[in-house]
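Source file: data21.cif; contents: mmCIF, C-alpha atoms.
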```cif
data_data
loop_
_atom_site.group_PDB
_atom_site.id
_atom_site.type_symbol
_atom_site.label_atom_id
_atom_site.label_comp_id
_atom_site.auth_asym_id
_atom_site.auth_seq_id
_atom_site.Cartn_x
_atom_site.Cartn_y
_atom_site.Cartn_z
ATOM 1 C CA MET Y 1 -20.168 19.973 35.142
ATOM 2 C CA SER Y 2 -20.472 17.631 38.066
ATOM 3 C CA ASN Y 3 -18.810 14.273 38.239
ATOM 4 C CA GLU Y 4 -21.193 11.780 39.778
ATOM 5 C CA TYR Y 5 -18.405 9.263 40.262
ATOM 6 C CA ALA Y 6 -16.161 11.651 42.176
ATOM 7 C CA PRO Y 7 -17.533 10.808 45.637
ATOM 8 C CA VAL Y 8 -16.884 7.128 45.042
ATOM 9 C CA ASP Y 9 -13.375 7.778 43.766
ATOM 10 C CA SER Y 10 -12.482 9.998 46.664
ATOM 11 C CA GLN Y 11 -13.891 7.452 49.074
ATOM 12 C CA TYR Y 12 -11.770 4.565 47.866
ATOM 13 C CA ILE Y 13 -8.590 6.258 46.566
ATOM 14 C CA LYS Y 14 -6.619 7.330 49.575
ATOM 15 C CA GLY Y 15 -4.901 10.677 49.417
ATOM 16 C CA THR Y 16 -7.021 12.218 46.655
ATOM 17 C CA THR Y 17 -9.419 15.101 46.535
ATOM 18 C CA THR Y 18 -11.889 15.996 43.807
ATOM 19 C CA THR Y 19 -11.987 19.228 41.856
ATOM 20 C CA GLY Y 20 -14.783 19.351 39.288
ATOM 21 C CA ASP Y 21 -14.249 16.495 36.829
ATOM 22 C CA THR Y 22 -10.711 15.660 37.864
ATOM 23 C CA ILE Y 23 -9.189 13.791 40.758
ATOM 24 C CA VAL Y 24 -6.179 15.612 42.181
ATOM 25 C CA PRO Y 25 -3.648 13.689 44.247
ATOM 26 C CA THR Y 26 -2.828 15.312 47.546
ATOM 27 C CA PRO Y 27 0.870 15.862 48.296
ATOM 28 C CA THR Y 28 1.019 12.712 50.421
ATOM 29 C CA ALA Y 29 -0.771 10.491 47.959
ATOM 30 C CA THR Y 30 2.311 9.027 46.239
ATOM 31 C CA GLU Y 31 4.142 8.496 49.490
ATOM 32 C CA SER Y 32 1.254 6.780 51.175
ATOM 33 C CA ALA Y 33 0.717 4.563 48.148
ATOM 34 C CA THR Y 34 4.308 3.350 48.123
ATOM 35 C CA ASN Y 35 4.642 2.881 51.854
ATOM 36 C CA THR Y 36 1.432 0.968 52.496
ATOM 37 C CA THR Y 37 1.266 -1.426 49.556
ATOM 38 C CA SER Y 38 0.774 -4.518 51.696
ATOM 39 C CA LYS Y 39 -1.874 -2.805 53.824
ATOM 40 C CA GLN Y 40 -3.756 -1.591 50.748
ATOM 41 C CA THR Y 41 -3.744 -5.044 49.191
ATOM 42 C CA SER Y 42 -5.174 -6.483 52.350
ATOM 43 C CA ALA Y 43 -7.760 -3.706 52.592
ATOM 44 C CA THR Y 44 -8.787 -4.316 48.983
ATOM 45 C CA LYS Y 45 -9.238 -8.014 49.639
ATOM 46 C CA ASP Y 46 -11.279 -7.260 52.722
ATOM 47 C CA PHE Y 47 -13.417 -4.794 50.806
ATOM 48 C CA LEU Y 48 -14.091 -7.312 48.024
ATOM 49 C CA ARG Y 49 -14.847 -10.057 50.515
ATOM 50 C CA GLU Y 50 -17.372 -7.878 52.309
ATOM 51 C CA ALA Y 51 -18.906 -6.564 49.099
ATOM 52 C CA ILE Y 52 -19.734 -10.005 47.696
ATOM 53 C CA VAL Y 53 -22.159 -11.064 50.396
ATOM 54 C CA PRO Y 54 -24.598 -8.098 50.402
ATOM 55 C CA GLU Y 55 -24.525 -8.017 46.614
ATOM 56 C CA ASP Y 56 -25.423 -11.697 46.430
ATOM 57 C CA LEU Y 57 -28.183 -11.254 48.954
ATOM 58 C CA ALA Y 58 -29.619 -8.344 47.008
ATOM 59 C CA ARG Y 59 -29.536 -10.209 43.707
ATOM 60 C CA TYR Y 60 -30.569 -13.654 44.812
ATOM 61 C CA GLY Y 61 -32.259 -13.391 48.184
ATOM 62 C CA ALA Y 62 -31.544 -15.835 50.947
ATOM 63 C CA GLY Y 63 -31.488 -18.623 48.401
ATOM 64 C CA LYS Y 64 -31.992 -21.618 50.672
ATOM 65 C CA PRO Y 65 -34.623 -24.350 50.389
ATOM 66 C CA GLN Y 66 -37.571 -23.874 52.727
ATOM 67 C CA ARG Y 67 -40.125 -26.332 54.070
ATOM 68 C CA ILE Y 68 -43.752 -25.287 53.628
ATOM 69 C CA ILE Y 69 -46.622 -27.093 55.353
ATOM 70 C CA LEU Y 70 -50.170 -26.488 54.185
ATOM 71 C CA ARG Y 71 -53.231 -27.621 56.159
ATOM 72 C CA ALA Y 72 -56.794 -27.481 54.937
ATOM 73 C CA LYS Y 73 -60.061 -28.718 56.355
ATOM 74 C CA LEU Y 74 -61.950 -31.063 54.070
ATOM 75 C CA ILE Y 75 -65.600 -30.273 53.583
ATOM 76 C CA ASN Y 76 -68.046 -33.103 53.054
ATOM 77 C CA ASP Y 77 -71.128 -32.086 51.126
ATOM 78 C CA MET E 1 -17.640 -19.436 33.403
ATOM 79 C CA ILE E 2 -20.385 -21.302 31.586
ATOM 80 C CA ARG E 3 -22.504 -20.185 28.633
ATOM 81 C CA VAL E 4 -26.284 -20.043 28.725
ATOM 82 C CA ARG E 5 -29.298 -19.301 26.556
ATOM 83 C CA ARG E 6 -31.814 -16.772 27.803
ATOM 84 C CA THR E 7 -34.557 -17.658 25.321
ATOM 85 C CA ARG E 8 -37.339 -19.768 26.770
ATOM 86 C CA SER E 9 -38.500 -22.731 24.742
ATOM 87 C CA PRO E 10 -42.188 -23.657 25.163
ATOM 88 C CA ARG E 11 -41.356 -27.083 26.581
ATOM 89 C CA VAL E 12 -39.246 -28.249 29.484
ATOM 90 C CA ALA E 13 -35.718 -28.893 28.216
ATOM 91 C CA GLN E 14 -32.601 -30.485 29.626
ATOM 92 C CA GLY E 15 -30.354 -27.864 31.166
ATOM 93 C CA ASP E 16 -33.227 -25.524 32.047
ATOM 94 C CA VAL E 17 -32.753 -23.597 35.272
ATOM 95 C CA ILE E 18 -36.109 -22.908 36.901
ATOM 96 C CA ARG E 19 -36.856 -20.993 40.090
ATOM 97 C CA ASP E 20 -39.047 -21.914 43.064
ATOM 98 C CA VAL E 21 -39.694 -25.556 42.310
ATOM 99 C CA ASP E 22 -41.513 -27.631 44.942
ATOM 100 C CA TYR E 23 -40.720 -31.137 46.074
ATOM 101 C CA ILE E 24 -43.785 -32.747 47.688
ATOM 102 C CA GLU E 25 -42.683 -34.619 50.820
ATOM 103 C CA HIS E 26 -46.066 -36.021 51.781
ATOM 104 C CA VAL E 27 -49.822 -35.552 51.551
ATOM 105 C CA HIS E 28 -51.729 -36.851 54.601
ATOM 106 C CA GLU E 29 -55.397 -36.821 55.521
ATOM 107 C CA ARG E 30 -56.297 -37.249 59.187
ATOM 108 C CA GLY E 31 -59.662 -36.484 60.735
ATOM 109 C CA GLY E 32 -60.800 -34.343 57.871
ATOM 110 C CA ILE E 33 -57.603 -32.262 57.852
ATOM 111 C CA LEU E 34 -55.469 -32.461 54.737
ATOM 112 C CA GLU E 35 -51.775 -31.768 55.272
ATOM 113 C CA VAL E 36 -49.271 -31.153 52.506
ATOM 114 C CA SER E 37 -45.573 -30.842 53.278
ATOM 115 C CA LYS E 38 -43.292 -29.562 50.561
ATOM 116 C CA VAL E 39 -39.798 -28.179 50.179
ATOM 117 C CA ARG E 40 -39.409 -25.196 47.912
ATOM 118 C CA PHE E 41 -36.051 -25.071 46.160
ATOM 119 C CA PRO E 42 -34.925 -21.624 45.001
ATOM 120 C CA ALA E 43 -33.503 -23.041 41.763
ATOM 121 C CA VAL E 44 -33.255 -26.424 40.081
ATOM 122 C CA LEU E 45 -31.572 -27.809 36.982
ATOM 123 C CA VAL E 46 -33.429 -30.182 34.639
ATOM 124 C CA LEU E 47 -31.540 -33.461 34.167
ATOM 125 C CA THR E 48 -33.927 -35.653 32.139
ATOM 126 C CA GLN E 49 -32.664 -36.502 28.656
ATOM 127 C CA ASP E 50 -33.739 -33.852 26.167
ATOM 128 C CA CYS E 51 -34.958 -36.335 23.549
ATOM 129 C CA ASP E 52 -37.394 -37.796 26.085
ATOM 130 C CA LEU E 53 -38.658 -34.327 26.960
ATOM 131 C CA GLU E 54 -39.045 -33.418 23.290
ATOM 132 C CA GLN E 55 -40.987 -36.594 22.511
ATOM 133 C CA ASP E 56 -43.232 -36.049 25.511
ATOM 134 C CA HIS E 57 -43.949 -32.488 24.394
ATOM 135 C CA THR E 58 -44.632 -33.522 20.794
ATOM 136 C CA HIS E 59 -46.982 -36.234 21.960
ATOM 137 C CA ARG E 60 -48.899 -33.995 24.363
ATOM 138 C CA LYS E 61 -49.572 -31.322 21.772
ATOM 139 C CA ALA E 62 -50.612 -33.799 19.077
ATOM 140 C CA LYS E 63 -54.322 -34.235 18.421
ATOM 141 C CA ALA E 64 -55.887 -37.303 20.005
ATOM 142 C CA SER E 65 -56.748 -38.633 16.553
ATOM 143 C CA GLU E 66 -53.066 -38.513 15.563
ATOM 144 C CA ARG E 67 -51.860 -40.499 18.559
ATOM 145 C CA THR E 68 -51.422 -44.201 18.111
ATOM 146 C CA SER E 69 -50.361 -44.779 21.730
ATOM 147 C CA GLU E 70 -49.222 -42.972 24.892
ATOM 148 C CA ASP E 71 -45.866 -44.686 24.743
ATOM 149 C CA LYS E 72 -43.792 -41.496 24.808
ATOM 150 C CA LEU E 73 -45.477 -39.716 27.706
ATOM 151 C CA LEU E 74 -43.427 -39.028 30.816
ATOM 152 C CA PHE E 75 -44.793 -39.014 34.354
ATOM 153 C CA SER E 76 -42.092 -36.803 35.781
ATOM 154 C CA VAL E 77 -38.908 -34.879 35.120
ATOM 155 C CA LEU E 78 -35.669 -35.399 37.016
ATOM 156 C CA VAL E 79 -34.192 -32.241 38.497
ATOM 157 C CA ALA E 80 -31.430 -31.441 40.969
ATOM 158 C CA PRO E 81 -31.247 -28.410 43.230
ATOM 159 C CA LEU E 82 -28.797 -25.571 42.753
ATOM 160 C CA TYR E 83 -27.203 -24.268 45.937
ATOM 161 C CA ASN E 84 -25.317 -21.029 46.394
ATOM 162 C CA VAL E 85 -21.669 -22.102 46.574
ATOM 163 C CA GLU E 86 -21.069 -19.702 49.461
ATOM 164 C CA HIS E 87 -23.644 -21.638 51.498
ATOM 165 C CA VAL E 88 -22.156 -24.967 50.415
ATOM 166 C CA TYR E 89 -18.684 -23.984 51.644
ATOM 167 C CA THR E 90 -20.071 -23.397 55.115
ATOM 168 C CA GLY E 91 -22.365 -26.435 55.055
ATOM 169 C CA GLN E 92 -25.358 -24.176 55.744
ATOM 170 C CA HIS E 93 -27.261 -24.542 52.482
ATOM 171 C CA LEU E 94 -29.976 -26.671 54.122
ATOM 172 C CA SER E 95 -30.052 -24.783 57.401
ATOM 173 C CA GLU E 96 -33.709 -23.793 56.879
ATOM 174 C CA LEU E 97 -34.542 -27.504 56.831
ATOM 175 C CA LYS E 98 -32.561 -28.019 60.053
ATOM 176 C CA GLN E 99 -29.966 -30.090 58.229
ATOM 177 C CA ARG E 100 -26.258 -29.602 58.785
ATOM 178 C CA MET E 101 -24.092 -30.452 55.801
ATOM 179 C CA GLN E 102 -20.388 -31.134 55.526
ATOM 180 C CA GLN E 103 -18.228 -28.026 55.294
ATOM 181 C CA ILE E 104 -15.976 -27.642 52.255
ATOM 182 C CA ASN E 105 -12.811 -25.630 52.742
ATOM 183 C CA ARG E 106 -12.871 -23.176 49.887
ATOM 184 C CA GLY E 107 -9.189 -22.280 50.149
ATOM 185 C CA ARG E 108 -7.821 -25.817 50.137
ATOM 186 C CA SER E 109 -8.108 -28.955 48.019
ATOM 187 C CA PRO E 110 -11.809 -29.699 48.704
ATOM 188 C CA GLY E 111 -12.789 -26.230 47.478
ATOM 189 C CA ASP E 112 -10.483 -26.447 44.457
ATOM 190 C CA ASN E 113 -11.792 -29.911 43.572
ATOM 191 C CA LEU E 114 -15.368 -28.655 43.826
ATOM 192 C CA ARG E 115 -14.751 -25.718 41.491
ATOM 193 C CA ARG E 116 -12.850 -27.922 39.005
ATOM 194 C CA ASN E 117 -15.714 -30.446 38.990
ATOM 195 C CA GLU E 118 -13.514 -33.208 40.323
ATOM 196 C CA THR E 119 -15.923 -34.152 43.128
ATOM 197 C CA PRO E 120 -18.388 -36.687 41.628
ATOM 198 C CA ARG E 121 -21.314 -35.612 43.799
ATOM 199 C CA TYR E 122 -21.211 -31.924 42.879
ATOM 200 C CA HIS E 123 -21.264 -29.874 39.687
ATOM 201 C CA PHE E 124 -20.053 -26.298 39.954
ATOM 202 C CA LEU E 125 -21.657 -23.692 37.675
ATOM 203 C CA ASP E 126 -20.313 -20.162 37.417
ATOM 204 C CA PHE E 127 -23.060 -18.217 35.654
ATOM 205 C CA PRO E 128 -22.351 -15.155 33.503
ATOM 206 C CA ALA E 129 -23.139 -11.772 35.014
ATOM 207 C CA THR E 130 -26.265 -11.446 32.860
ATOM 208 C CA VAL E 131 -27.912 -14.289 34.790
ATOM 209 C CA ALA E 132 -29.288 -13.492 38.236
ATOM 210 C CA LEU E 133 -27.743 -16.511 39.900
ATOM 211 C CA PRO E 134 -24.659 -16.699 42.084
ATOM 212 C CA PRO E 135 -21.914 -19.260 41.458
ATOM 213 C CA SER E 136 -23.821 -22.411 42.267
ATOM 214 C CA VAL E 137 -23.430 -26.096 42.941
ATOM 215 C CA VAL E 138 -25.690 -28.879 41.667
ATOM 216 C CA ASP E 139 -25.900 -31.663 44.249
ATOM 217 C CA PHE E 140 -26.519 -34.875 42.305
ATOM 218 C CA LYS E 141 -27.384 -36.740 45.512
ATOM 219 C CA HIS E 142 -30.417 -34.489 46.036
ATOM 220 C CA TYR E 143 -32.116 -35.171 42.709
ATOM 221 C CA PHE E 144 -35.900 -35.502 42.734
ATOM 222 C CA SER E 145 -38.754 -35.653 40.277
ATOM 223 C CA VAL E 146 -41.481 -33.170 39.399
ATOM 224 C CA ASN E 147 -44.639 -33.742 37.405
ATOM 225 C CA VAL E 148 -44.099 -32.755 33.752
ATOM 226 C CA ALA E 149 -47.147 -30.508 33.414
ATOM 227 C CA GLU E 150 -46.462 -28.833 36.760
ATOM 228 C CA LEU E 151 -42.858 -28.088 35.834
ATOM 229 C CA LYS E 152 -43.952 -26.680 32.491
ATOM 230 C CA ARG E 153 -46.370 -24.350 34.285
ATOM 231 C CA ARG E 154 -43.608 -23.310 36.676
ATOM 232 C CA LYS E 155 -41.211 -22.713 33.793
ATOM 233 C CA SER E 156 -43.643 -20.338 32.100
ATOM 234 C CA ARG E 157 -43.315 -18.019 35.129
ATOM 235 C CA ASP E 158 -39.926 -18.768 36.614
ATOM 236 C CA PHE E 159 -37.535 -19.678 33.817
ATOM 237 C CA VAL E 160 -34.031 -18.352 34.425
ATOM 238 C CA CYS E 161 -31.891 -19.709 31.583
ATOM 239 C CA GLN E 162 -30.811 -22.885 29.842
ATOM 240 C CA LEU E 163 -27.246 -24.160 29.886
ATOM 241 C CA ALA E 164 -25.634 -24.089 26.438
ATOM 242 C CA ASP E 165 -25.374 -27.503 24.747
ATOM 243 C CA LEU E 166 -21.815 -28.338 25.711
ATOM 244 C CA TYR E 167 -22.364 -27.463 29.365
ATOM 245 C CA ARG E 168 -25.645 -29.350 29.745
ATOM 246 C CA GLU E 169 -24.066 -32.408 28.141
ATOM 247 C CA ASP E 170 -21.220 -32.133 30.619
ATOM 248 C CA VAL E 171 -23.731 -32.062 33.499
ATOM 249 C CA SER E 172 -25.677 -34.970 32.015
ATOM 250 C CA GLN E 173 -22.564 -37.088 31.576
ATOM 251 C CA ARG E 174 -21.356 -36.396 35.120
ATOM 252 C CA PHE E 175 -24.816 -37.068 36.591
ATOM 253 C CA SER E 176 -25.106 -40.432 34.840
ATOM 254 C CA SER E 177 -21.594 -41.332 36.008
ATOM 255 C CA PHE E 178 -22.541 -40.410 39.572
ATOM 256 C CA LEU E 179 -25.664 -42.584 39.459
ATOM 257 C CA ALA E 180 -23.749 -45.492 37.930
ATOM 258 C CA ARG E 181 -20.883 -45.335 40.407
ATOM 259 C CA ILE E 182 -19.844 -48.522 42.112
ATOM 260 C CA GLY E 183 -19.193 -48.254 45.825
ATOM 261 C CA LEU E 184 -16.165 -50.374 46.597
ATOM 262 C CA PRO E 185 -15.388 -51.368 50.192
#
```
Can you present the structure in this file as structure tokens?
Amino acid sequence: MSNEYAPVDSQYIKGTTTTGDTIVPTPTATESATNTTSKQTSATKDFLREAIVPEDLARYGAGKPQRIILRAKLIND
Amino acid sequence: MIRVRRTRSPRVAQGDVIRDVDYIEHVHERGGILEVSKVRFPAVLVLTQDCDLEQDHTHRKAKASERTSEDKLLFSVLVAPLYNVEHVYTGQHLSELKQRMQQINRGRSPGDNLRRNETPRYHFLDFPATVALPPSVVDFKHYFSVNVAELKRRKSRDFVCQLADLYREDVSQRFSSFLARIGLP
């Protein structure tokens, strides 16, 4: 059985590989997690900060007021 | 986060959020050419008192023979635009109109005051995830009016949600306080 979420997990969890349905830590996973806590926190914040803008744009469009000018020629019968 | 209703009532109601509402700036006729300039706001919030809107609706749908007067009819509905708070922080929310607005530092007191609704001019609304609107700011200074029948037509196509009672009353109370403010030297 395939795990459709595995690619996402492996992309964002450093030091892991995927095997079927399970995520298996690589030997360096624990070490890297403990040694780079401050870096990971910062990376997470950056990721969230970047993710908000495209998501908002997709959901709500540009979302700014726009001026529209219409011109029409009057016809006298 | 605020609470909202997703059900659409047949009339315009206080606290309604409606998309793509136009403000008519001018209508000119020169040399046989008619020019209409309007500003289309992506979303607005209805501010008019709900009892007035209800009476107007009741009167409009009543048969002519049942009406004793047109005393309860409204000409227009007061609304205020909703701006994406991310645009407000940077002062770019009216950039398409070539207007630069004051920046609000989101990480310091001005941003905190805005989100806590402690800035009289603005009302911050954090919509639930089920509503397709970003965290937004109502700018009370930018209120304008829209014809009742036109807004009702617009609502039938572009209704987003209505603020729950407590939240719309909070907006109404803060809007009236803003309008009634006294500018001291």
*Residue list for chain E near chain Y as a VMD selection string, 6 Å, only C-alpha atoms*: chain E and resid 32 to 42 93 96
_When you look at Leu45 in chain E with a cut-off of 8 Å (counting all atoms listed in the file), what residues show up, excluding the ones that are within fewer than 2 positions of it in the same chain? I need them as a ChimeraX atom specification._
/E:14-18,43,47,79-82,138
*asked:* At a cut-off of 10 Å, using all atoms listed in the file, what residues contact range 145-156 of chain E? Leave out same-chain residues fewer than 2 positions from it and give the result as a VMD selection string.
replied: chain E and resid 8 to 13 16 to 24 46 to 48 53 56 to 57 60 73 to 80 143 158 to 160
*Could you state which residues are captured by the PyMOL selection byres ((chain E and resi 140) around 8) in this file, as a list in words?*
Ala80, Arg121, Tyr122, His123, Val138, Asp139, Lys141, His142, Tyr143, Phe175 and Phe178 of chain E
_For a test of reading the model, state the distance in Å between CA of Glu86 in chain E and CA of Val137 in chain E, rounded to one decimal._
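Taking CA of Glu86 in chain E and CA of Val137 in chain E, their separation equals 9.4 Å.
When CA of Val4 in chain E is paired with CA of Gln162 in chain E, their separation reads 5.5 Å.
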*Could you jot down the CA of Pro110 in chain E to CA of Thr130 in chain E separation for me, Å, one decimal place?*
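CA of Thr130 in chain E lies 28.2 Å from CA of Pro110 in chain E.
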_Once the PyMOL selection byres ((chain E and resi 134) around 8) has been evaluated on this model, what residues remain selected, and can you format them as a list in words?_
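Expected selection for the PyMOL selection byres ((chain E and resi 134) around 8) here is Asp56 and Tyr60 of chain Y; Asn84, Val85, Asp126, Phe127, Ala132, Leu133, Pro135 and Ser136 of chain E.
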*Residues at most 8 Å from Arg5 in chain E, counting only C-alpha atoms, excluding those fewer than 4 positions away in the same chain, as a VMD selection string?*
chain E and resid 161 to 164
